$ cat my_file.cif   # mmCIF, C-alpha atoms and all ligand atoms
data_input
loop_
_atom_site.label_atom_id
_atom_site.label_comp_id
_atom_site.auth_asym_id
_atom_site.auth_seq_id
_atom_site.Cartn_x
_atom_site.Cartn_y
_atom_site.Cartn_z
CA MET A 1 0.00 0.00 0.00
CA GLY A 2 1.06 3.60 -0.45
CA ASP A 3 0.89 6.25 2.26
CA THR A 4 -2.86 6.37 2.59
CA ALA A 5 -4.15 4.88 5.86
CA PHE A 6 -7.25 2.82 5.19
CA THR A 7 -9.79 1.89 7.87
CA PRO A 8 -9.29 -1.82 8.78
CA ARG A 9 -12.30 -3.24 6.99
CA VAL A 10 -13.27 -6.79 6.09
CA PHE A 11 -15.40 -7.75 3.10
CA SER A 12 -16.41 -11.21 1.91
CA GLY A 13 -19.31 -12.88 0.14
CA ILE A 14 -20.93 -16.20 -0.68
CA GLN A 15 -23.00 -17.01 -3.77
CA PRO A 16 -26.68 -17.84 -3.20
CA SER A 17 -26.50 -20.65 -5.70
CA GLY A 18 -28.02 -23.21 -3.33
CA GLY A 19 -26.64 -26.13 -1.38
CA LEU A 20 -24.39 -24.64 1.29
CA THR A 21 -21.65 -27.08 2.23
CA LEU A 22 -19.35 -27.77 5.16
CA GLY A 23 -16.65 -26.25 2.90
CA ASN A 24 -18.46 -22.90 2.87
CA TYR A 25 -18.89 -23.13 6.64
CA LEU A 26 -15.33 -24.08 7.63
CA GLY A 27 -13.49 -22.28 4.80
CA ALA A 28 -15.42 -19.04 4.92
CA MET A 29 -18.27 -18.51 7.39
CA ARG A 30 -16.35 -19.44 10.53
CA ARG A 31 -13.65 -16.92 9.68
CA PHE A 32 -16.30 -14.28 8.99
CA VAL A 33 -17.68 -14.74 12.50
CA GLU A 34 -14.22 -14.72 14.10
CA MET A 35 -13.29 -11.49 12.32
CA GLN A 36 -16.56 -9.88 13.38
CA ASP A 37 -16.06 -10.99 16.98
CA ALA A 38 -12.42 -9.83 17.06
CA GLY A 39 -13.75 -6.26 17.05
CA THR A 40 -10.61 -5.07 15.18
CA TYR A 41 -12.38 -4.50 11.87
CA GLU A 42 -15.56 -3.13 10.37
CA THR A 43 -17.08 -6.27 8.85
CA ILE A 44 -19.19 -6.32 5.68
CA TYR A 45 -20.71 -9.57 4.39
CA CYS A 46 -22.69 -10.11 1.26
CA MET A 47 -24.85 -12.57 -0.64
CA VAL A 48 -23.32 -12.20 -4.09
CA ASP A 49 -26.39 -12.85 -6.25
CA LEU A 50 -24.91 -11.03 -9.27
CA HIS A 51 -22.09 -13.57 -9.21
CA ALA A 52 -24.56 -16.45 -8.95
CA ILE A 53 -26.27 -15.51 -12.24
CA THR A 54 -23.02 -15.91 -14.21
CA VAL A 55 -24.37 -19.44 -14.55
CA TRP A 56 -28.09 -20.23 -14.96
CA GLN A 57 -30.26 -19.83 -11.83
CA GLU A 58 -34.00 -20.49 -11.67
CA PRO A 59 -35.49 -17.13 -10.55
CA ASP A 60 -37.67 -18.58 -7.77
CA ALA A 61 -34.81 -20.74 -6.52
CA LEU A 62 -32.46 -17.75 -6.54
CA ARG A 63 -34.85 -15.74 -4.36
CA LYS A 64 -35.22 -18.66 -1.94
CA ASN A 65 -31.48 -19.38 -1.87
CA THR A 66 -30.66 -15.73 -1.20
CA ARG A 67 -32.91 -15.69 1.87
CA GLU A 68 -31.59 -19.09 2.97
CA LEU A 69 -28.04 -17.81 2.70
CA ALA A 70 -28.97 -14.76 4.80
CA ALA A 71 -30.37 -17.19 7.39
CA PHE A 72 -27.10 -19.16 7.27
CA PHE A 73 -25.03 -16.04 7.95
CA ILE A 74 -27.19 -15.13 10.96
CA ALA A 75 -27.52 -18.69 12.29
CA ALA A 76 -23.74 -19.15 12.10
CA GLY A 77 -23.15 -16.05 14.22
CA ILE A 78 -23.13 -12.95 12.01
CA ASP A 79 -24.93 -10.21 13.90
CA PRO A 80 -26.61 -7.81 11.43
CA GLU A 81 -26.14 -4.97 13.91
CA ARG A 82 -22.40 -5.44 14.40
CA SER A 83 -21.69 -6.43 10.77
CA ILE A 84 -23.22 -5.03 7.60
CA LEU A 85 -25.12 -7.93 6.02
CA PHE A 86 -26.75 -7.38 2.64
CA ASN A 87 -27.51 -8.63 -0.83
CA GLN A 88 -25.24 -7.51 -3.69
CA SER A 89 -27.94 -6.54 -6.23
CA GLN A 90 -29.47 -4.14 -3.69
CA VAL A 91 -26.29 -2.03 -3.82
CA PRO A 92 -25.98 -0.93 -7.48
CA GLU A 93 -22.52 0.57 -6.89
CA HIS A 94 -20.98 -2.94 -7.13
CA ALA A 95 -22.04 -3.30 -10.78
CA GLN A 96 -21.11 0.32 -11.56
CA LEU A 97 -17.57 -0.06 -10.24
CA ALA A 98 -17.29 -3.48 -11.93
CA TRP A 99 -17.81 -1.79 -15.29
CA ILE A 100 -14.88 0.51 -14.66
CA PHE A 101 -12.78 -2.49 -13.59
CA ASN A 102 -13.79 -4.31 -16.80
CA CYS A 103 -12.00 -1.45 -18.54
CA VAL A 104 -8.94 -1.69 -16.26
CA ALA A 105 -8.48 -5.49 -16.24
CA ARG A 106 -6.89 -7.18 -19.27
CA MET A 107 -8.40 -10.10 -21.21
CA GLY A 108 -5.20 -12.10 -20.62
CA TRP A 109 -5.55 -11.77 -16.84
CA MET A 110 -9.10 -13.13 -16.92
CA GLY A 111 -8.21 -15.94 -19.33
CA ARG A 112 -5.60 -17.25 -16.89
CA MET A 113 -8.07 -17.71 -14.01
CA THR A 114 -8.31 -21.41 -13.11
CA GLN A 115 -11.94 -21.02 -11.98
CA TRP A 116 -12.82 -19.70 -15.45
CA LYS A 117 -11.01 -22.61 -17.07
CA ASP A 118 -12.66 -25.16 -14.74
CA LYS A 119 -16.17 -23.76 -15.04
CA ALA A 120 -16.17 -22.85 -18.74
CA GLY A 121 -14.16 -25.96 -19.62
CA LYS A 122 -14.13 -26.98 -23.26
CA ASN A 123 -17.37 -25.12 -23.81
CA SER A 124 -15.97 -21.60 -23.28
CA GLU A 125 -17.62 -20.27 -26.48
CA ASN A 126 -20.93 -20.91 -24.79
CA ALA A 127 -20.05 -19.63 -21.32
CA SER A 128 -21.53 -16.27 -20.32
CA LEU A 129 -19.47 -13.10 -20.64
CA GLY A 130 -20.34 -12.56 -16.96
CA LEU A 131 -18.51 -15.76 -15.99
CA PHE A 132 -15.39 -14.49 -17.77
CA ALA A 133 -15.64 -11.08 -16.08
CA TYR A 134 -16.49 -12.61 -12.65
CA PRO A 135 -13.15 -11.57 -11.04
CA ALA A 136 -13.63 -7.90 -12.02
CA LEU A 137 -17.00 -7.88 -10.23
CA MET A 138 -15.34 -9.57 -7.25
CA ALA A 139 -12.67 -6.84 -7.22
CA ALA A 140 -15.46 -4.24 -7.28
CA ASP A 141 -17.26 -5.97 -4.35
CA ILE A 142 -14.11 -5.60 -2.26
CA LEU A 143 -12.84 -2.22 -3.41
CA ILE A 144 -16.17 -0.37 -3.37
CA TYR A 145 -15.69 -0.51 0.43
CA HIS A 146 -11.92 0.02 0.38
CA ALA A 147 -11.77 -3.32 2.19
CA THR A 148 -8.32 -4.08 3.56
CA HIS A 149 -8.85 -7.78 4.42
CA VAL A 150 -10.79 -10.55 2.69
CA PRO A 151 -11.32 -13.92 4.43
CA VAL A 152 -11.81 -16.71 1.86
CA GLY A 153 -11.06 -20.36 1.18
CA GLU A 154 -7.90 -21.37 -0.68
CA ASP A 155 -9.79 -21.63 -4.01
CA GLN A 156 -10.27 -17.84 -4.12
CA LYS A 157 -6.57 -16.95 -3.75
CA GLN A 158 -6.02 -16.33 -7.46
CA HIS A 159 -9.06 -14.04 -7.69
CA LEU A 160 -7.73 -12.00 -4.78
CA GLU A 161 -4.37 -11.62 -6.49
CA LEU A 162 -6.26 -10.27 -9.48
CA THR A 163 -8.11 -7.82 -7.20
CA ARG A 164 -4.72 -6.55 -6.06
CA ASP A 165 -3.56 -6.25 -9.70
CA ILE A 166 -6.67 -4.26 -10.62
CA ALA A 167 -6.24 -1.89 -7.65
CA GLN A 168 -2.55 -1.45 -8.49
CA LYS A 169 -3.19 -0.79 -12.19
CA PHE A 170 -5.97 1.68 -11.43
CA ASN A 171 -3.73 3.53 -8.95
CA ASN A 172 -0.82 3.55 -11.45
CA ASP A 173 -2.90 4.53 -14.50
CA PHE A 174 -4.49 7.49 -12.73
CA LYS A 175 -1.47 8.30 -10.52
CA VAL A 176 -3.45 8.06 -7.29
CA ASP A 177 -3.23 6.10 -4.07
CA PHE A 178 -6.97 5.51 -3.97
CA PHE A 179 -7.65 1.78 -3.77
CA PRO A 180 -6.03 -0.33 -1.02
CA ILE A 181 -4.00 -3.40 -1.93
CA THR A 182 -6.19 -5.88 -0.11
CA GLU A 183 -4.79 -8.70 2.03
CA PRO A 184 -6.30 -12.17 1.64
CA VAL A 185 -6.99 -13.97 4.93
CA ILE A 186 -6.66 -17.69 4.21
CA GLU A 187 -6.12 -19.29 7.61
CA GLY A 188 -7.18 -22.18 9.80
CA ALA A 189 -7.30 -25.97 9.60
CA ALA A 190 -9.85 -26.10 6.75
CA THR A 191 -9.02 -23.57 4.07
CA ARG A 192 -9.65 -26.31 1.49
CA VAL A 193 -12.18 -28.94 2.55
CA MET A 194 -12.01 -31.82 0.10
CA SER A 195 -14.67 -34.09 -1.37
CA LEU A 196 -15.59 -37.09 0.79
CA ARG A 197 -15.34 -39.29 -2.32
CA ASP A 198 -12.11 -37.96 -3.85
CA GLY A 199 -9.39 -36.33 -1.75
CA SER A 200 -7.98 -34.50 -4.77
CA LYS A 201 -11.19 -32.49 -5.41
CA LYS A 202 -12.65 -29.58 -3.46
CA MET A 203 -15.91 -30.25 -1.61
CA SER A 204 -18.34 -28.42 -3.81
CA LYS A 205 -22.06 -27.85 -4.15
CA SER A 206 -21.93 -28.62 -7.89
CA ASP A 207 -20.37 -32.09 -7.51
CA PRO A 208 -22.88 -34.52 -9.08
CA SER A 209 -22.53 -36.86 -6.06
CA ASP A 210 -24.36 -35.70 -2.94
CA MET A 211 -22.25 -38.23 -1.00
CA SER A 212 -19.17 -36.10 -1.78
CA ARG A 213 -20.26 -33.30 0.52
CA ILE A 214 -21.95 -32.46 3.79
CA ASN A 215 -24.71 -29.94 3.25
CA MET A 216 -25.56 -27.52 6.03
CA SER A 217 -29.16 -28.75 5.63
CA ASP A 218 -28.34 -32.48 6.09
CA ASP A 219 -30.00 -34.19 9.07
CA ALA A 220 -28.02 -36.12 11.69
CA ASP A 221 -28.53 -39.53 10.03
CA THR A 222 -27.42 -38.23 6.63
CA ILE A 223 -24.29 -36.60 8.08
CA ALA A 224 -23.39 -39.83 9.91
CA LYS A 225 -24.02 -41.93 6.78
CA LYS A 226 -21.88 -39.67 4.56
CA ILE A 227 -18.98 -39.76 7.01
CA ARG A 228 -19.30 -43.53 7.47
CA LYS A 229 -19.15 -43.99 3.69
CA ALA A 230 -16.41 -41.40 3.12
CA LYS A 231 -13.56 -42.85 1.07
CA THR A 232 -10.57 -43.86 3.22
CA ASP A 233 -7.98 -46.63 3.24
CA PRO A 234 -7.49 -49.74 5.39
CA GLU A 235 -4.48 -48.33 7.32
CA PRO A 236 -4.84 -47.04 10.90
CA LEU A 237 -4.14 -43.37 11.59
CA PRO A 238 -0.41 -42.65 11.96
CA ASP A 239 1.09 -40.74 14.89
CA THR A 240 2.28 -37.72 12.88
CA LEU A 241 0.84 -35.64 10.03
CA ASP A 242 3.79 -36.68 7.88
CA GLY A 243 2.31 -40.15 7.79
CA LEU A 244 -0.75 -38.73 5.98
CA LYS A 245 1.27 -37.23 3.12
CA ASP A 246 0.00 -39.65 0.48
CA ARG A 247 -3.38 -40.27 2.06
CA PRO A 248 -5.45 -37.21 1.00
CA GLU A 249 -8.85 -38.65 2.03
CA ALA A 250 -7.56 -39.52 5.52
CA ARG A 251 -5.90 -36.11 5.83
CA ASN A 252 -9.17 -34.43 4.86
CA LEU A 253 -11.10 -36.16 7.67
CA VAL A 254 -8.39 -35.20 10.18
CA ASP A 255 -8.53 -31.58 9.00
CA ILE A 256 -12.33 -31.51 9.24
CA TYR A 257 -12.12 -32.93 12.78
CA ALA A 258 -9.54 -30.30 13.69
CA ALA A 259 -11.58 -27.42 12.27
CA LEU A 260 -14.81 -28.54 13.95
CA SER A 261 -13.19 -29.17 17.33
CA GLY A 262 -10.98 -26.08 17.36
CA MET A 263 -7.87 -28.31 17.70
CA THR A 264 -4.86 -28.28 15.39
CA ALA A 265 -4.43 -31.20 12.96
CA GLU A 266 -1.29 -32.13 14.93
CA GLN A 267 -3.30 -32.43 18.16
CA VAL A 268 -5.97 -34.55 16.44
CA ILE A 269 -3.42 -36.97 15.04
CA ALA A 270 -1.62 -37.21 18.38
CA ASP A 271 -4.93 -38.14 20.08
CA ALA A 272 -6.15 -40.51 17.36
CA ALA A 273 -2.84 -42.24 16.54
CA GLY A 274 -3.34 -45.95 15.90
CA GLN A 275 -7.14 -45.71 15.53
CA GLN A 276 -8.91 -47.45 12.66
CA PHE A 277 -11.45 -45.45 10.68
CA GLY A 278 -14.16 -47.65 12.19
CA GLN A 279 -13.42 -45.80 15.44
CA PHE A 280 -12.45 -42.35 14.09
CA LYS A 281 -15.41 -41.88 11.74
CA PRO A 282 -18.17 -42.23 14.39
CA ALA A 283 -16.36 -39.71 16.59
CA LEU A 284 -16.13 -37.31 13.63
CA ALA A 285 -19.81 -37.87 12.77
CA GLU A 286 -20.85 -37.10 16.34
CA LEU A 287 -18.78 -33.91 16.37
CA ALA A 288 -20.13 -32.80 12.96
CA VAL A 289 -23.74 -33.32 14.03
CA GLU A 290 -23.10 -31.48 17.31
CA LYS A 291 -21.76 -28.43 15.40
CA ILE A 292 -24.03 -28.39 12.34
CA ALA A 293 -27.45 -29.38 13.78
CA PRO A 294 -27.96 -26.18 15.85
CA ILE A 295 -27.08 -24.02 12.82
CA SER A 296 -29.50 -25.80 10.50
CA ALA A 297 -32.25 -25.69 13.15
CA GLU A 298 -31.74 -21.93 13.56
CA MET A 299 -31.75 -21.50 9.76
CA ARG A 300 -35.14 -23.23 9.56
CA ARG A 301 -36.50 -20.99 12.32
CA LEU A 302 -35.29 -17.82 10.58
CA MET A 303 -36.58 -18.96 7.17
CA ALA A 304 -40.10 -19.11 8.59
CA ASP A 305 -40.16 -15.28 8.63
CA GLU A 306 -39.11 -14.10 5.17
CA ALA A 307 -40.32 -10.55 5.78
CA GLU A 308 -37.88 -10.21 8.68
CA ILE A 309 -35.00 -11.48 6.52
CA ASP A 310 -35.94 -8.97 3.79
CA ARG A 311 -36.03 -6.18 6.37
CA ILE A 312 -32.54 -7.10 7.65
CA LEU A 313 -31.16 -7.16 4.09
CA ALA A 314 -32.77 -3.81 3.16
CA ARG A 315 -31.25 -2.18 6.26
CA GLY A 316 -27.87 -3.78 5.47
CA ALA A 317 -28.00 -2.43 1.90
CA GLU A 318 -28.71 1.08 3.19
CA ARG A 319 -25.68 0.91 5.48
CA ALA A 320 -23.48 -0.54 2.73
CA ARG A 321 -24.47 2.27 0.36
CA GLU A 322 -23.42 4.90 2.90
CA ILE A 323 -19.85 3.65 2.36
CA ALA A 324 -20.12 2.73 -1.34
CA ILE A 325 -21.71 5.90 -2.78
CA PRO A 326 -18.87 8.32 -1.91
CA ILE A 327 -16.20 5.83 -3.03
CA LEU A 328 -17.92 5.39 -6.40
CA ALA A 329 -18.34 9.17 -6.78
CA LYS A 330 -14.63 9.71 -6.13
CA THR A 331 -13.77 6.90 -8.58
CA TYR A 332 -15.88 8.56 -11.30
CA ASP A 333 -14.17 11.82 -10.59
CA ILE A 334 -10.67 10.25 -10.85
CA VAL A 335 -11.60 8.57 -14.15
CA GLY A 336 -13.10 11.79 -15.57
CA LEU A 337 -16.69 10.61 -15.74
CA LEU A 338 -19.24 13.36 -15.17
CA GLY A 339 -21.79 10.85 -13.83
CA ALA A 340 -21.19 11.65 -10.18
CA ARG A 341 -21.86 15.40 -10.54
N1 LIG B 401 -14.40 -26.86 -0.13
C1 LIG B 401 -14.14 -25.67 0.38
N2 LIG B 401 -13.17 -25.52 1.32
C2 LIG B 401 -12.90 -24.29 1.84
N3 LIG B 401 -13.55 -23.17 1.49
C3 LIG B 401 -14.54 -23.27 0.55
N4 LIG B 401 -15.35 -22.35 0.00
C4 LIG B 401 -16.17 -22.98 -0.89
N5 LIG B 401 -15.89 -24.29 -0.93
C5 LIG B 401 -14.87 -24.51 -0.04
C6 LIG B 401 -15.33 -20.93 0.32
O1 LIG B 401 -16.66 -20.50 0.50
C7 LIG B 401 -16.75 -19.13 0.10
C8 LIG B 401 -17.93 -18.92 -0.79
O2 LIG B 401 -17.78 -19.65 -1.95
P1 LIG B 401 -18.65 -19.37 -3.23
O3 LIG B 401 -19.92 -18.76 -2.92
O4 LIG B 401 -17.82 -18.74 -4.27
O5 LIG B 401 -18.96 -20.80 -3.58
P2 LIG B 401 -18.12 -21.69 -4.43
O6 LIG B 401 -16.66 -21.59 -4.19
O7 LIG B 401 -18.60 -21.48 -5.80
O8 LIG B 401 -18.66 -22.99 -3.80
P3 LIG B 401 -18.67 -24.30 -4.50
O9 LIG B 401 -19.40 -25.23 -3.57
O10 LIG B 401 -17.33 -24.70 -4.93
O11 LIG B 401 -19.57 -24.00 -5.75
P4 LIG B 401 -19.37 -24.52 -7.18
O12 LIG B 401 -19.54 -25.98 -7.04
O13 LIG B 401 -20.46 -23.85 -7.94
O14 LIG B 401 -17.99 -24.13 -7.60
C9 LIG B 401 -15.42 -18.77 -0.57
O15 LIG B 401 -14.64 -18.04 0.35
C10 LIG B 401 -14.80 -20.10 -0.84
O16 LIG B 401 -13.39 -20.03 -0.81
#

$ encode --input "my_file.cif" --output "structure tokens" --more "lines below"
Ligand code: AQP
Amino acid sequence: MGDTAFTPRVFSGIQPSGGLTLGNYLGAMRRFVEMQDAGTYETIYCMVDLHAITVWQEPDALRKNTRELAAFFIAAGIDPERSILFNQSQVPEHAQLAWIFNCVARMGWMGRMTQWKDKAGKNSENASLGLFAYPALMAADILIYHATHVPVGEDQKQHLELTRDIAQKFNNDFKVDFFPITEPVIEGAATRVMSLRDGSKKMSKSDPSDMSRINMSDDADTIAKKIRKAKTDPEPLPDTLDGLKDRPEARNLVDIYAALSGMTAEQVIADAAGQQFGQFKPALAELAVEKIAPISAEMRRLMADEAEIDRILARGAERAREIAIPILAKTYDIVGLLGAR
């Protein structure tokens, strides 16, 4: 960063594209709550519905998933008074700044994004332009608040580097020190929760196999069944993490246990050394149910009052715009656009 002192401010978002997983919870939501509770930062959290529509979403499902995601944030511990909690499309400044960033970012930068390559695959001619430009909108989400820190899972690291590149190029092009060079916060035992069926793949809502993931809406029996059937190997657990080097599925279960229990992976392996999975898996299932069941019950309770969720989001959007409007106006002014006058 240059000489400008920016307010310590956290921004992060989750797409309301349905099917929240344990990966979203451990990789993202838990950090969001910790950063809110630390009291060191202003915290701003968002349902990024404009990102969700870069791939097809049924309109009714999108509305329902947006409210369900708001319920997840609150049930997991985000307090809409202490944090700003809102829905992206209710703050038009995100899309306005994204357009400017579309003009700053280079095609080559976007084309190198692994998420673009994975999601567009061989069918890139048919992918939406929005999916290609996704990282410029993400940069706008962060920089419209001059956010200094962004907690995310490991999979978002490359997009955050691109956010930094966009901020840097904007500052250089216009000879200003206006946008902060945001720090990614990728920490904890579960920054990359893997599929329960394949330890080389991220746990993901779009995996065709429901057995590959734990959904935040799964009941106790389903969670226990998925963990019981999770792919492992016949070896007992070793006494050090080194012993798990070539056993990605086993390592994943140890990491999940560590993240859910608040222990380090080293402590888990020290306690469980020598155990067979027939012993370790039931303990993990019990812990997962203990942590997830209260959140899903609270989500169901909140979802019963949609009007209250809408009221919380409308209030959050108002508060978000108080920060975003002056930053967009100043950006227009720097660029030479008369729009803000
Ligand atoms: N498996 C994961 N491990 C750790 N963190 C994860 N996140 C997602 N999956 C994992 C983190 O959750 C936040 C929100 O992610 P998103 O809304 O962008 O969702 P996503 O990454 O698109 O989730 P999926 O399940 O992977 O969706 P698909 O299948 O559509 O690609 C981010 O901080 C992300 O790092």

$ residues_near_point --input "my_file.cif" --point "(-19.7, -43.1, 9.7)" --cutoff "8 Å" --atoms "all atoms listed in the file" --output "compact mmCIF listing (two decimals) with C-alpha atoms, in the coordinates of the input"
# COMPACT_ATOMS: atom_id res chain seq x y z
CA ALA A 224 -23.39 -39.83 9.91
CA LYS A 225 -24.02 -41.93 6.78
CA LYS A 226 -21.88 -39.67 4.56
CA ILE A 227 -18.98 -39.76 7.01
CA ARG A 228 -19.30 -43.53 7.47
CA LYS A 229 -19.15 -43.99 3.69
CA ALA A 230 -16.41 -41.40 3.12
CA GLY A 278 -14.16 -47.65 12.19
CA LYS A 281 -15.41 -41.88 11.74
CA PRO A 282 -18.17 -42.23 14.39
CA LEU A 284 -16.13 -37.31 13.63
CA ALA A 285 -19.81 -37.87 12.77

$ closest_residue --input "my_file.cif" --among "A:Ser209, A:Asn24, A:Thr114, A:Thr7" --to "ligand LIG 401 (chain B)" --atoms "all atoms listed in the file"
A:Asn24

$ residues_near_ligand --input "my_file.cif" --ligand "ligand LIG 401 (chain B)" --cutoff "9 Å" --atoms "only C-alpha atoms and all ligand atoms" --output "VMD selection string"
chain A and resid 12 to 29 47 to 48 51 to 52 55 115 118 to 119 150 to 157 186 190 to 195 201 to 207 213

$ atom_distance --input "my_file.cif" --atom1 "atom CA of Val10 of chain A" --atom2 "atom CA of Thr43 of chain A"
4.7 Å

$ residues_around --input "my_file.cif" --residues "segment 164-175 of chain A" --least-positions-apart "3" --cutoff "12 Å" --atoms "all atoms listed in the file" --output "VMD selection string"
chain A and resid 1 to 2 4 97 to 98 100 to 106 109 to 110 135 to 140 142 to 144 146 to 150 157 to 161 178 to 184 331 to 336

$ residues_around --input "my_file.cif" --residues "segment 248-263 of chain A" --least-positions-apart "6" --cutoff "8 Å" --atoms "all atoms listed in the file" --output "PyMOL selection string"
chain A and resi 26+188-190+193-194+196-200+231-233+237+241+269+284+287-288+291

$ residues_around --input "my_file.cif" --residues "Ala304 of chain A" --least-positions-apart "4" --cutoff "12 Å" --atoms "all atoms listed in the file" --output "MDAnalysis selection string"
chainID A and resid 64 67:68 71 297:300 308:310

$ residues_around --input "my_file.cif" --residues "segment 34-41 of chain A" --least-positions-apart "2" --cutoff "6 Å" --atoms "all atoms listed in the file" --output "list in words"
Pro8, Arg9, Arg31, Phe32 and Thr43 of chain A

$ closest_residue --input "my_file.cif" --among "A:Ala61, A:Val176, A:Ala5, A:Ile44" --to "Ile84 of chain A" --atoms "all atoms listed in the file"
A:Ile44
